[in-house]
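Asker: Got entry.cif for you, mmCIF, C-alpha atoms:
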```cif
data_data
loop_
_atom_site.group_PDB
_atom_site.id
_atom_site.type_symbol
_atom_site.label_atom_id
_atom_site.label_comp_id
_atom_site.auth_asym_id
_atom_site.auth_seq_id
_atom_site.Cartn_x
_atom_site.Cartn_y
_atom_site.Cartn_z
ATOM 1 C CA MET A 71 136.454 -7.153 127.132
ATOM 2 C CA ASP A 72 138.785 -10.128 126.803
ATOM 3 C CA PRO A 73 142.310 -8.982 127.837
ATOM 4 C CA SER A 74 143.940 -11.322 125.310
ATOM 5 C CA SER A 75 142.198 -9.528 122.407
ATOM 6 C CA LEU A 76 143.387 -6.059 123.431
ATOM 7 C CA SER A 77 145.920 -4.042 121.486
ATOM 8 C CA LYS A 78 148.517 -1.849 123.171
ATOM 9 C CA VAL A 79 149.222 1.817 122.454
ATOM 10 C CA GLU A 80 152.746 0.999 121.247
ATOM 11 C CA GLU A 81 151.182 -1.150 118.471
ATOM 12 C CA LEU A 82 149.296 1.784 116.886
ATOM 13 C CA ARG A 83 150.370 2.696 113.352
ATOM 14 C CA PRO A 84 149.354 5.610 111.086
ATOM 15 C CA CYS A 85 146.178 5.238 108.991
ATOM 16 C CA THR A 86 145.181 1.862 110.469
ATOM 17 C CA GLN A 87 142.022 0.693 112.211
ATOM 18 C CA GLY A 88 140.369 -2.114 114.143
ATOM 19 C CA TYR A 89 142.039 -1.572 117.535
ATOM 20 C CA SER A 90 140.456 -2.594 120.850
ATOM 21 C CA LEU A 91 142.140 -1.001 123.850
ATOM 22 C CA LEU A 92 141.742 -0.447 127.589
ATOM 23 C CA LEU A 93 142.950 3.090 128.307
ATOM 24 C CA LYS A 94 143.265 5.534 131.155
ATOM 25 C CA VAL A 95 142.343 9.188 130.512
ATOM 26 C CA LEU A 96 145.176 11.478 131.670
ATOM 27 C CA SER A 97 143.844 14.791 130.360
ATOM 28 C CA ALA A 98 140.892 16.161 128.416
ATOM 29 C CA LYS A 99 140.856 19.584 126.797
ATOM 30 C CA PRO A 100 137.892 20.989 124.853
ATOM 31 C CA VAL A 101 139.213 22.375 121.582
ATOM 32 C CA ALA A 102 136.154 23.267 119.530
ATOM 33 C CA VAL A 103 132.431 23.667 119.380
ATOM 34 C CA HIS A 104 131.177 23.744 115.808
ATOM 35 C CA ARG A 105 127.695 24.868 114.945
ATOM 36 C CA PRO A 106 126.592 23.066 111.783
ATOM 37 C CA SER A 107 125.562 25.664 109.221
ATOM 38 C CA ASN A 108 123.976 23.322 106.711
ATOM 39 C CA GLN A 109 122.802 20.349 108.737
ATOM 40 C CA ARG A 110 121.107 17.717 106.593
ATOM 41 C CA PRO A 111 117.522 16.762 107.423
ATOM 42 C CA GLY A 112 117.416 13.528 109.400
ATOM 43 C CA SER A 113 121.011 13.957 110.589
ATOM 44 C CA ARG A 114 121.771 12.285 113.926
ATOM 45 C CA GLN A 115 123.769 15.323 115.035
ATOM 46 C CA GLN A 116 121.587 17.660 117.064
ATOM 47 C CA GLY A 117 123.007 21.026 118.073
ATOM 48 C CA PRO A 118 126.675 21.999 118.051
ATOM 49 C CA MET A 119 129.479 19.467 117.559
ATOM 50 C CA ARG A 120 131.797 19.203 120.588
ATOM 51 C CA ILE A 121 135.432 18.135 120.213
ATOM 52 C CA SER A 122 138.037 17.445 122.928
ATOM 53 C CA GLU A 123 141.627 16.320 122.637
ATOM 54 C CA CYS A 124 142.453 13.800 125.349
ATOM 55 C CA ILE A 125 145.699 12.167 126.352
ATOM 56 C CA VAL A 126 145.026 8.463 126.925
ATOM 57 C CA GLY A 127 147.379 5.587 127.573
ATOM 58 C CA ASP A 128 148.272 2.172 128.876
ATOM 59 C CA ASP A 129 151.410 0.508 130.198
ATOM 60 C CA THR A 130 153.176 0.899 126.823
ATOM 61 C CA GLY A 131 152.578 4.570 125.991
ATOM 62 C CA VAL A 132 150.178 7.444 125.416
ATOM 63 C CA VAL A 133 148.449 8.958 122.400
ATOM 64 C CA VAL A 134 146.067 11.832 121.672
ATOM 65 C CA PHE A 135 142.432 10.715 121.412
ATOM 66 C CA THR A 136 139.991 12.976 119.564
ATOM 67 C CA ALA A 137 136.629 12.745 121.349
ATOM 68 C CA ARG A 138 133.515 13.938 119.537
ATOM 69 C CA ASN A 139 130.055 14.823 120.868
ATOM 70 C CA GLU A 140 128.803 12.244 123.435
ATOM 71 C CA GLN A 141 132.324 10.770 123.639
ATOM 72 C CA VAL A 142 133.424 14.001 125.363
ATOM 73 C CA ASP A 143 131.203 13.097 128.345
ATOM 74 C CA VAL A 144 132.913 9.692 128.775
ATOM 75 C CA MET A 145 136.475 11.028 128.608
ATOM 76 C CA LYS A 146 136.875 12.292 132.174
ATOM 77 C CA VAL A 147 140.349 12.649 133.688
ATOM 78 C CA GLY A 148 141.178 9.543 135.722
ATOM 79 C CA ALA A 149 138.539 7.386 134.014
ATOM 80 C CA THR A 150 139.359 4.040 132.462
ATOM 81 C CA VAL A 151 137.683 3.468 129.094
ATOM 82 C CA GLU A 152 137.144 0.557 126.724
ATOM 83 C CA VAL A 153 137.600 1.336 123.040
ATOM 84 C CA THR A 154 136.607 -1.051 120.253
ATOM 85 C CA ASN A 155 137.279 -0.773 116.530
ATOM 86 C CA ALA A 156 139.307 2.422 116.952
ATOM 87 C CA LYS A 157 141.213 4.004 114.096
ATOM 88 C CA VAL A 158 144.383 6.056 113.833
ATOM 89 C CA ASP A 159 143.962 9.298 111.906
ATOM 90 C CA MET A 160 146.773 11.640 110.962
ATOM 91 C CA TYR A 161 146.671 15.344 111.816
ATOM 92 C CA LYS A 162 149.573 17.556 110.773
ATOM 93 C CA GLY A 163 151.873 14.544 110.602
ATOM 94 C CA SER A 164 151.020 13.065 113.995
ATOM 95 C CA MET A 165 148.775 10.209 115.088
ATOM 96 C CA ARG A 166 145.353 10.761 116.653
ATOM 97 C CA LEU A 167 143.250 7.865 117.951
ATOM 98 C CA ALA A 168 139.508 8.129 117.254
ATOM 99 C CA VAL A 169 136.341 6.061 117.323
ATOM 100 C CA ASP A 170 133.748 6.476 114.590
ATOM 101 C CA SER A 171 130.464 5.943 116.466
ATOM 102 C CA ARG A 172 129.027 4.086 113.449
ATOM 103 C CA ARG A 173 131.753 1.424 113.478
ATOM 104 C CA GLY A 174 133.213 1.360 116.985
ATOM 105 C CA THR A 175 132.411 1.982 120.623
ATOM 106 C CA LEU A 176 133.773 4.006 123.496
ATOM 107 C CA LYS A 177 132.492 3.376 127.017
ATOM 108 C CA ALA A 178 133.549 3.535 130.635
ATOM 109 C CA ALA A 179 135.304 0.305 131.612
ATOM 110 C CA GLU A 180 133.070 -2.162 133.443
ATOM 111 C CA SER A 181 135.802 -2.884 135.965
ATOM 112 C CA PRO A 182 137.920 0.266 136.181
ATOM 113 C CA ALA A 183 141.593 -0.603 136.159
ATOM 114 C CA SER A 184 142.632 1.920 138.801
ATOM 115 C CA GLU A 185 145.936 0.071 139.039
ATOM 116 C CA LEU A 186 146.552 0.630 135.308
ATOM 117 C CA LYS A 187 150.000 2.192 135.184
ATOM 118 C CA VAL A 188 150.495 4.477 132.219
ATOM 119 C CA LYS A 189 153.856 4.885 130.502
ATOM 120 C CA GLU A 190 153.712 8.644 130.003
ATOM 121 C CA ASP A 191 157.215 9.023 128.548
ATOM 122 C CA ASN A 192 156.274 7.256 125.292
ATOM 123 C CA ASN A 193 153.900 9.678 123.534
ATOM 124 C CA LEU A 194 153.198 8.304 120.065
ATOM 125 C CA SER A 195 151.485 11.554 119.039
ATOM 126 C CA LEU A 196 154.820 13.384 119.351
ATOM 127 C CA ILE A 197 156.339 11.248 116.599
ATOM 128 C CA GLU A 198 156.133 13.150 113.333
ATOM 129 C CA PHE A 199 155.371 11.113 110.238
ATOM 130 C CA GLU A 200 155.908 12.197 106.663
ATOM 131 C CA GLN A 201 153.932 10.849 103.727
ATOM 132 C CA ILE A 202 156.146 9.629 100.927
ATOM 133 C CA THR A 203 154.697 9.083 97.479
ATOM 134 C CA MET A 204 156.502 6.409 95.508
ATOM 135 C CA MET A 205 156.369 6.338 91.716
ATOM 136 C CA MET A 206 156.766 2.928 90.091
#
```
Mind turning the file's structure into structure tokens?
Answerer:
Amino acid sequence: MDPSSLSKVEELRPCTQGYSLLLKVLSAKPVAVHRPSNQRPGSRQQGPMRISECIVGDDTGVVVFTARNEQVDVMKVGATVEVTNAKVDMYKGSMRLAVDSRRGTLKAAESPASELKVKEDNNLSLIEFEQITMMM
């Protein structure tokens, strides 16, 4: 991954996409296992859906990353990961970084940046956003 093409956590904005980042995993907490009740034939999802909320960051800040299924296995505490074409979803007014496996990728970094210092006191997921509808 070309360092000059990377975004930084502090650049993330609500409801945007297309981010490529190099991140360190600070925590990973399983939050749900869903068993699909009406799985469609031919669906790629086999078995229960696994979801973990992870705190990830770089030298500009941290954000919650929602890992799904096989992504959960990559998001190990202390690991450095490469994320491409990530999106920022909103959940209860706060930002959550995610990668749709059809459009983006999440993988362990080829050269782990063990020296990657994370700015933990700038948690973008703690900022509460409010949607404002404007009538023209």
Asker: Can you tell me, as number ranges by chain, what residues are no more than 12 Å from Tyr89 of chain A when counting all atoms listed in the file, ignoring any on the same chain fewer than 2 positions away?
Answerer: A: 75-83, 85-87, 91-93, 152-158, 167-170, 173-176
Asker: How would you write, as a PyMOL selection string, the residues chosen by the PyMOL selection byres ((chain A and resi 198) around 6) on this structure?
Answerer: chain A and resi 163-164+197+199
Asker: Would you be able to write out as a PDB file with C-alpha atoms, in the frame of the given file which residues have an atom within 6 Å of (144.9, 8.5, 131.3) in the file's coordinates, counting all atoms listed in the file?
Answerer:
```
ATOM      1  CA  LYS A  94     143.265   5.534 131.155  1.00  0.00           C
ATOM      2  CA  VAL A  95     142.343   9.188 130.512  1.00  0.00           C
ATOM      3  CA  LEU A  96     145.176  11.478 131.670  1.00  0.00           C
ATOM      4  CA  VAL A 126     145.026   8.463 126.925  1.00  0.00           C
ATOM      5  CA  GLY A 127     147.379   5.587 127.573  1.00  0.00           C
ATOM      6  CA  GLY A 148     141.178   9.543 135.722  1.00  0.00           C
TER       7      GLY A 148
END
```
Asker: For atom CA of Gln141 of chain A and atom CA of Ser181 of chain A, quote the distance in Å rounded to one decimal.
Answerer: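 Separation between atom CA of Gln141 of chain A and atom CA of Ser181 of chain A: 18.7 Å.
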Asker: Take the PyMOL selection byres ((chain A and resi 166) around 9), apply it to the structure above, and return the hits as a list in words.
Answerer: Pro84, Glu123, Val133, Val134, Phe135, Thr136, Lys157, Val158, Asp159, Met160, Tyr161, Ser164, Met165, Leu167, Ala168, Leu194 and Ser195 of chain A
Asker: Selected residues, C-alpha atoms, written as a PDB file, keeping the file's coordinate frame, please.
Answerer:
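Generated output (out_27.pdb):
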```pdb
ATOM      1  CA  PRO A  84     149.354   5.610 111.086  1.00  0.00           C
ATOM      2  CA  GLU A 123     141.627  16.320 122.637  1.00  0.00           C
ATOM      3  CA  VAL A 133     148.449   8.958 122.400  1.00  0.00           C
ATOM      4  CA  VAL A 134     146.067  11.832 121.672  1.00  0.00           C
ATOM      5  CA  PHE A 135     142.432  10.715 121.412  1.00  0.00           C
ATOM      6  CA  THR A 136     139.991  12.976 119.564  1.00  0.00           C
ATOM      7  CA  LYS A 157     141.213   4.004 114.096  1.00  0.00           C
ATOM      8  CA  VAL A 158     144.383   6.056 113.833  1.00  0.00           C
ATOM      9  CA  ASP A 159     143.962   9.298 111.906  1.00  0.00           C
ATOM     10  CA  MET A 160     146.773  11.640 110.962  1.00  0.00           C
ATOM     11  CA  TYR A 161     146.671  15.344 111.816  1.00  0.00           C
ATOM     12  CA  SER A 164     151.020  13.065 113.995  1.00  0.00           C
ATOM     13  CA  MET A 165     148.775  10.209 115.088  1.00  0.00           C
ATOM     14  CA  LEU A 167     143.250   7.865 117.951  1.00  0.00           C
ATOM     15  CA  ALA A 168     139.508   8.129 117.254  1.00  0.00           C
ATOM     16  CA  LEU A 194     153.198   8.304 120.065  1.00  0.00           C
ATOM     17  CA  SER A 195     151.485  11.554 119.039  1.00  0.00           C
TER      18      SER A 195
END
```
Asker: Report, in Å to a single decimal, how far apart atom CA of Lys187 of chain A and atom CA of Lys162 of chain A are.
Answerer: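 Answer for the atom CA of Lys162 of chain A to atom CA of Lys187 of chain A separation: 28.8 Å.
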Asker: Work out how far apart atom CA of Thr150 of chain A and atom CA of Glu185 of chain A are and give it in Å to one decimal.
Answerer: 10.1 Å
Asker: Take every atom of segment 136-145 of chain A listed in the file, fit an axis-aligned box around them, add 4 Å per side, and give the centre and edge lengths in Å to one decimal as JSON.
Answerer:
```
{"center_x": 134.4, "center_y": 12.3, "center_z": 124.2, "size_x": 19.2, "size_y": 13.1, "size_z": 17.2}
```
Asker: Can you tell me which residues surround Val188 of chain A at a distance of at most 8 Å, considering all atoms listed in the file, apart from same-chain residues fewer than 6 positions away, and format the answer as JSON, numbers by chain?
Answerer: {"A": [94, 127, 128, 129, 130, 131, 132]}
Asker: Taking all atoms listed in the file into account, name the residue in A:Ala179, A:Ala98, A:Pro118, A:Leu186 that is nearest to Asp143 of chain A.
Answerer: A:Ala98
